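Asks: Contents of run.pdb (PDB, C-alpha atoms):
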MODEL        1
ATOM      1  CA  LYS G  12      12.185  11.802   9.319
ATOM      2  CA  LYS G  13      14.592  14.199  11.010
ATOM      3  CA  LYS G  14      11.773  16.256  12.546
ATOM      4  CA  GLY G  15       9.982  13.076  13.588
ATOM      5  CA  ASP G  16      13.092  11.926  15.428
ATOM      6  CA  GLU G  17      13.285  15.320  17.150
ATOM      7  CA  ILE G  18       9.700  15.186  18.434
ATOM      8  CA  GLY G  19       9.406  11.445  19.106
ATOM      9  CA  LEU G  20       7.283  10.565  16.065
ATOM     10  CA  THR G  21       8.150   7.394  14.178
ATOM     11  CA  VAL G  22       8.527   8.120  10.461
ATOM     12  CA  LEU G  23       9.142   5.241   8.084
ATOM     13  CA  TYR G  24       9.827   5.322   4.370
ATOM     14  CA  GLY G  25       7.161   4.106   2.000
ATOM     15  CA  ILE G  26       6.408   4.841  -1.623
ATOM     16  CA  GLU G  27       3.747   4.481  -4.233
ATOM     17  CA  LEU G  28       5.714   3.190  -7.170
ATOM     18  CA  ARG G  29       4.676   2.976 -10.811
ATOM     19  CA  LEU G  30       6.556   0.421 -12.859
ATOM     20  CA  ASN G  31       7.158   1.618 -16.415
ATOM     21  CA  LYS G  32       6.541  -1.813 -17.915
ATOM     22  CA  SER G  33       2.902  -2.002 -16.793
ATOM     23  CA  GLY G  34       1.668   1.379 -15.617
ATOM     24  CA  ASN G  35       0.391  -0.225 -12.394
ATOM     25  CA  ASP G  36       0.923   1.437  -9.030
ATOM     26  CA  TYR G  37       2.334  -0.395  -6.011
ATOM     27  CA  LEU G  38       2.371   0.623  -2.358
ATOM     28  CA  CYS G  39       5.743  -0.388  -0.904
ATOM     29  CA  TYR G  40       6.434  -0.567   2.836
ATOM     30  CA  GLY G  41       9.587  -1.483   4.710
ATOM     31  CA  LEU G  42      11.937   0.015   2.128
ATOM     32  CA  THR G  43      14.992   1.882   3.285
ATOM     33  CA  ASN G  44      16.377   5.099   1.907
ATOM     34  CA  GLU G  45      19.595   3.185   1.221
ATOM     35  CA  PHE G  46      17.745   0.577  -0.846
ATOM     36  CA  LEU G  47      16.127   3.279  -2.981
ATOM     37  CA  ARG G  48      19.462   5.056  -3.507
ATOM     38  CA  ASN G  49      21.086   1.766  -4.536
ATOM     39  CA  HIS G  50      18.333   0.907  -7.027
ATOM     40  CA  PRO G  51      17.670   3.997  -9.165
ATOM     41  CA  ASP G  52      16.456   1.676 -11.946
ATOM     42  CA  ILE G  53      13.533   0.350  -9.858
ATOM     43  CA  PHE G  54      10.991   2.049 -12.154
ATOM     44  CA  SER G  55      12.153  -0.061 -15.084
ATOM     45  CA  TRP G  56      11.647  -3.348 -13.241
ATOM     46  CA  GLY G  57       8.912  -5.850 -13.922
ATOM     47  CA  ILE G  58       6.646  -7.190 -11.188
ATOM     48  CA  ASP G  59       8.812 -10.314 -10.869
ATOM     49  CA  ASP G  60      11.892  -8.139 -10.201
ATOM     50  CA  LEU G  61       9.994  -6.194  -7.550
ATOM     51  CA  LYS G  62       8.842  -9.386  -5.836
ATOM     52  CA  LYS G  63      12.374 -10.858  -5.799
ATOM     53  CA  ALA G  64      13.787  -7.623  -4.360
ATOM     54  CA  ALA G  65      11.069  -7.499  -1.714
ATOM     55  CA  GLN G  66      11.725 -11.063  -0.623
ATOM     56  CA  ALA G  67      15.500 -10.534  -0.556
ATOM     57  CA  ASN G  68      15.371  -7.155   1.218
ATOM     58  CA  GLY G  69      12.505  -7.579   3.675
ATOM     59  CA  PHE G  70       9.922  -5.184   2.295
ATOM     60  CA  ILE G  71       6.347  -5.772   1.195
ATOM     61  CA  PHE G  72       4.126  -4.313  -1.504
ATOM     62  CA  TYR G  73       0.478  -4.159  -2.504
ATOM     63  CA  GLN G  74      -1.052  -3.298  -5.849
ATOM     64  CA  ALA G  75      -2.773   0.051  -5.414
ATOM     65  CA  HIS G  76      -6.324   0.505  -6.777
ATOM     66  CA  PRO G  77      -5.988  -2.628  -8.942
ATOM     67  CA  PHE G  78      -9.298  -2.256 -10.785
ATOM     68  CA  ARG G  79      -9.019   1.437 -11.637
ATOM     69  CA  ASN G  80      -9.117   2.308 -15.336
ATOM     70  CA  GLY G  81      -5.646   1.949 -16.852
ATOM     71  CA  MET G  82      -4.478  -0.709 -14.379
ATOM     72  CA  THR G  83      -3.834  -4.271 -15.514
ATOM     73  CA  ILE G  84      -4.660  -7.436 -13.625
ATOM     74  CA  VAL G  85      -1.582  -9.013 -12.064
ATOM     75  CA  ASP G  86      -1.156 -12.694 -11.298
ATOM     76  CA  PRO G  87      -2.099 -12.842  -7.591
ATOM     77  CA  GLY G  88       0.962 -15.081  -7.028
ATOM     78  CA  ASP G  89       3.178 -12.103  -7.843
ATOM     79  CA  LEU G  90       1.647  -9.922  -5.114
ATOM     80  CA  PHE G  91       1.724  -9.785  -1.348
ATOM     81  CA  GLY G  92      -1.633  -8.017  -1.339
ATOM     82  CA  ILE G  93      -3.890  -5.378  -2.819
ATOM     83  CA  GLU G  94      -5.481  -2.136  -1.732
ATOM     84  CA  VAL G  95      -9.064  -3.126  -0.954
ATOM     85  CA  PHE G  96     -10.242   0.312   0.111
ATOM     86  CA  ASN G  97      -9.155   3.433  -1.706
ATOM     87  CA  GLY G  98     -10.446   6.589  -0.038
ATOM     88  CA  LYS G  99     -10.427   8.731  -3.169
ATOM     89  CA  PRO G 100     -13.920  10.221  -3.299
ATOM     90  CA  SER G 101     -14.657   9.385  -6.949
ATOM     91  CA  VAL G 102     -17.671   7.163  -7.509
ATOM     92  CA  ASP G 103     -15.628   4.748  -9.643
ATOM     93  CA  ASP G 104     -13.055   4.164  -6.900
ATOM     94  CA  ARG G 105     -15.718   3.700  -4.220
ATOM     95  CA  GLN G 106     -17.626   1.178  -6.347
ATOM     96  CA  ARG G 107     -14.491  -0.805  -7.135
ATOM     97  CA  ASN G 108     -13.484  -1.195  -3.483
ATOM     98  CA  SER G 109     -15.911  -4.085  -3.011
ATOM     99  CA  ILE G 110     -14.484  -5.821  -6.102
ATOM    100  CA  CYS G 111     -10.981  -5.419  -4.671
ATOM    101  CA  ASN G 112     -12.059  -6.951  -1.364
ATOM    102  CA  LEU G 113     -13.641  -9.950  -3.122
ATOM    103  CA  TRP G 114     -10.481 -10.415  -5.219
ATOM    104  CA  ALA G 115      -8.277 -10.378  -2.114
ATOM    105  CA  GLU G 116     -10.554 -12.902  -0.403
ATOM    106  CA  LYS G 117     -10.626 -15.205  -3.438
ATOM    107  CA  PHE G 118      -6.841 -15.305  -3.807
ATOM    108  CA  GLY G 119      -5.800 -15.027  -0.147
ATOM    109  CA  LEU G 120      -4.069 -11.678  -0.619
ATOM    110  CA  LEU G 121      -3.181  -9.321   2.193
ATOM    111  CA  LYS G 122      -5.442  -6.274   2.388
ATOM    112  CA  ILE G 123      -4.617  -2.627   2.907
ATOM    113  CA  ALA G 124      -6.511   0.665   2.784
ATOM    114  CA  GLY G 125      -5.244   4.085   1.813
ATOM    115  CA  SER G 126      -6.615   7.584   1.378
ATOM    116  CA  ASP G 127      -4.968   8.289  -1.998
ATOM    117  CA  CYS G 128      -4.835  11.844  -0.678
ATOM    118  CA  HIS G 129      -4.271  14.561  -3.247
ATOM    119  CA  SER G 130      -5.954  17.466  -1.423
ATOM    120  CA  VAL G 131      -6.758  18.554   2.134
ATOM    121  CA  ASP G 132     -10.400  17.426   1.930
ATOM    122  CA  GLN G 133      -9.190  13.858   1.284
ATOM    123  CA  LEU G 134      -7.071  13.646   4.454
ATOM    124  CA  GLY G 135      -7.785  10.675   6.677
ATOM    125  CA  THR G 136     -10.357   8.981   4.458
ATOM    126  CA  ALA G 137      -8.744   5.561   4.868
ATOM    127  CA  GLY G 138      -5.796   3.800   6.414
ATOM    128  CA  VAL G 139      -4.744   1.137   8.869
ATOM    129  CA  LEU G 140      -4.844   1.100  12.643
ATOM    130  CA  PHE G 141      -2.184  -1.202  14.060
ATOM    131  CA  TYR G 142      -2.868  -3.196  17.218
ATOM    132  CA  ASP G 143       0.730  -2.836  18.392
ATOM    133  CA  GLU G 144       3.173   0.045  18.294
ATOM    134  CA  ILE G 145       5.198   0.225  15.081
ATOM    135  CA  LEU G 146       8.725   1.465  15.754
ATOM    136  CA  ASP G 147      10.723   0.397  12.705
ATOM    137  CA  ASN G 148      10.522  -1.247   9.285
ATOM    138  CA  ASN G 149      10.789  -4.745  10.741
ATOM    139  CA  SER G 150       7.797  -4.293  13.053
ATOM    140  CA  LEU G 151       5.846  -2.631  10.217
ATOM    141  CA  VAL G 152       6.442  -5.451   7.739
ATOM    142  CA  ASP G 153       5.806  -8.078  10.422
ATOM    143  CA  ALA G 154       2.468  -6.488  11.374
ATOM    144  CA  LEU G 155       1.461  -6.158   7.726
ATOM    145  CA  LYS G 156       2.274  -9.814   6.973
ATOM    146  CA  LYS G 157       0.409 -10.979  10.089
ATOM    147  CA  GLN G 158      -2.479  -8.620   9.306
ATOM    148  CA  SER G 159      -2.176  -7.319  12.841
ATOM    149  CA  TYR G 160      -4.224  -4.216  12.098
ATOM    150  CA  MET G 161      -7.685  -2.986  11.338
ATOM    151  CA  LEU G 162      -8.620  -1.351   8.050
ATOM    152  CA  VAL G 163     -10.150   2.064   8.593
ATOM    153  CA  GLU G 164     -12.592   3.535   6.128
ATOM    154  CA  ARG G 165     -13.867   7.015   6.794
ATOM    155  CA  ALA G 166     -16.509   8.039   4.306
ATOM    156  CA  ASN G 167     -16.676  11.549   5.717
ATOM    157  CA  PRO G 168     -15.309  13.372   8.792
ATOM    158  CA  ARG G 169     -18.443  12.609  10.817
ATOM    159  CA  GLN G 170     -18.625   8.898  10.087
ATOM    160  CA  MET G 171     -16.111   6.140  10.809
ATOM    161  CA  ILE G 172     -16.633   2.667   9.430
ATOM    162  CA  THR G 173     -14.215  -0.163  10.143
ATOM    163  CA  CYS G 174     -13.980  -3.648   8.706
TER     164      CYS G 174
ENDMDL
END
In structure tokens, write the structure found in this file.
Replies:
Amino acid sequence: KKKGDEIGLTVLYGIELRLNKSGNDYLCYGLTNEFLRNHPDIFSWGIDDLKKAAQANGFIFYQAHPFRNGMTIVDPGDLFGIEVFNGKPSVDDRQRNSICNLWAEKFGLLKIAGSDCHSVDQLGTAGVLFYDEILDNNSLVDALKKQSYMLVERANPRQMITC
């Protein structure tokens, strides 16, 4: 964040959070460093606690890779959205992306894509391309809620597919 400020690059806090009660992963955007410092018990929360905190504090979250082995199905009413494209190169993740997209469509959930990057060869395999400049948490959360972005899926460095 400090280096970003020095060079004119917007850096915003976001986390992939695993709640101890379920073992599910959630992608959280619009959080502040202050919020995280003030809530060191966040990992022990249930999904209902996370949703209440998000609504009260202006952040948003998506269930990450909701149909991966070990994840549990969450009541769609408890979510803002789900990750419909996970760029991890495993066959299982790629096959489940279409299921995630159908689930989001069926329940009217917001959609997001992410690379799930754990090594250099996985860089840039998925993400979002916003239509407008994102300068702060408020504009990020607003754009996410309005779905003012395009999902980007990059199967390999030579091929770009968007939906």
Asks: Neighbours of Asn148 of chain G within 10 Å (only C-alpha atoms; same-chain residues fewer than 2 positions away dropped), as a ChimeraX atom specification?
Replies: /G:22-25,40-43,69-70,145-146,150-154
Asks: Please tabulate, as CSV, the residues of segment 33-70 of chain G that come within 12 Å of segment 119-134 of chain G, each with its closest pair of atoms and the distance in Å to one decimal, counting only C-alpha atoms and ordering rows by chain, then residue number upward.
Replies:
residue,atom,partner,partner_atom,distance
G:Asp36,CA,G:Asp127,CA,11.5
G:Tyr37,CA,G:Ile123,CA,11.5
G:Leu38,CA,G:Ile123,CA,9.3
G:Cys39,CA,G:Ile123,CA,11.3
G:Tyr40,CA,G:Ile123,CA,11.2
Asks: Give me the residues near Phe54 of chain G as a VMD selection string, where near means some atom within 10 Å (using only C-alpha atoms) and where sequence neighbours in that chain fewer than 2 positions away do not count.
Replies: chain G and resid 28 to 32 34 50 to 52 56 to 57 61
Asks: Given the file shown, enumerate the residues that the PyMOL selection byres ((chain G and resi 76) around 9) captures and present them as a count of residues only.
Replies: 18
Asks: Quick check, in Å to one decimal: how far apart do atom CA of Gly135 of chain G and atom CA of Gly98 of chain G lie?
Replies: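 Taking atom CA of Gly135 of chain G and atom CA of Gly98 of chain G, their separation equals 8.3 Å.
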Asks: So how many Å separate atom CA of Ala64 of chain G and atom CA of Leu47 of chain G, to one decimal?
Replies: 11.2 Å
Asks: With all atoms listed in the file as the atoms that count, which of G:Asn112, G:Ile71, G:Gly88, G:Lys117 lies nearest to Leu155 of chain G?
Replies: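 Looking at the shortest contact to Leu155 of chain G, the residue is G:Ile71.
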Asks: One number please: atom CA of Phe141 of chain G to atom CA of Val163 of chain G, in Å, one decimal.
Replies: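 So the two atoms, atom CA of Phe141 of chain G and atom CA of Val163 of chain G, lie 10.2 Å apart.
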Asks: Taking all atoms of segment 142-146 of chain G that the file lists and extending 8 Å past them on each side, where is the centre of the axis-aligned box and how long are its edges? Answer in Å to one decimal, as AutoDock Vina command-line options.
Replies:
--center_x 2.9 --center_y -0.9 --center_z 16.7 --size_x 27.6 --size_y 20.7 --size_z 19.3
Asks: Could I get segment 31-73 of chain G from the block written as a short mmCIF file (atom, residue, chain, number, x, y, z; two decimals), in the first residue's frame, with C-alpha atoms?
Replies:
data_model
loop_
_atom_site.label_atom_id
_atom_site.label_comp_id
_atom_site.auth_asym_id
_atom_site.auth_seq_id
_atom_site.Cartn_x
_atom_site.Cartn_y
_atom_site.Cartn_z
CA ASN G 31 -13.39 -22.07 11.18
CA LYS G 32 -17.00 -23.14 11.59
CA SER G 33 -17.40 -24.33 7.99
CA GLY G 34 -14.04 -24.59 6.27
CA ASN G 35 -15.38 -22.52 3.35
CA ASP G 36 -13.32 -19.76 1.79
CA TYR G 37 -14.67 -16.26 1.17
CA LEU G 38 -13.25 -13.46 -0.96
CA CYS G 39 -13.78 -10.19 0.92
CA TYR G 40 -13.48 -6.77 -0.73
CA GLY G 41 -13.89 -3.30 0.73
CA LEU G 42 -12.48 -4.21 4.13
CA THR G 43 -10.23 -1.78 5.91
CA ASN G 44 -7.07 -2.54 7.81
CA GLU G 45 -8.75 -0.94 10.83
CA PHE G 46 -11.73 -3.30 10.57
CA LEU G 47 -9.44 -6.33 10.50
CA ARG G 48 -7.43 -5.07 13.49
CA ASN G 49 -10.66 -4.48 15.44
CA HIS G 50 -12.03 -7.95 14.69
CA PRO G 51 -9.27 -10.49 15.38
CA ASP G 52 -11.99 -13.09 16.06
CA ILE G 53 -13.34 -12.93 12.48
CA PHE G 54 -12.14 -16.49 11.76
CA SER G 55 -14.45 -17.86 14.44
CA TRP G 56 -17.54 -16.21 12.98
CA GLY G 57 -20.34 -17.99 11.19
CA ILE G 58 -21.57 -16.92 7.76
CA ASP G 59 -24.43 -14.96 9.35
CA ASP G 60 -21.92 -12.94 11.43
CA LEU G 61 -19.88 -12.20 8.31
CA LYS G 62 -22.95 -11.05 6.40
CA LYS G 63 -24.08 -8.75 9.25
CA ALA G 64 -20.59 -7.24 9.51
CA ALA G 65 -20.42 -6.72 5.76
CA GLN G 66 -23.77 -4.96 5.68
CA ALA G 67 -22.90 -2.78 8.68
CA ASN G 68 -19.37 -1.92 7.51
CA GLY G 69 -19.78 -1.56 3.75
CA PHE G 70 -17.79 -4.51 2.45
CA ILE G 71 -18.82 -7.39 0.21
CA PHE G 72 -17.88 -11.05 0.00
CA TYR G 73 -18.17 -13.99 -2.37
#
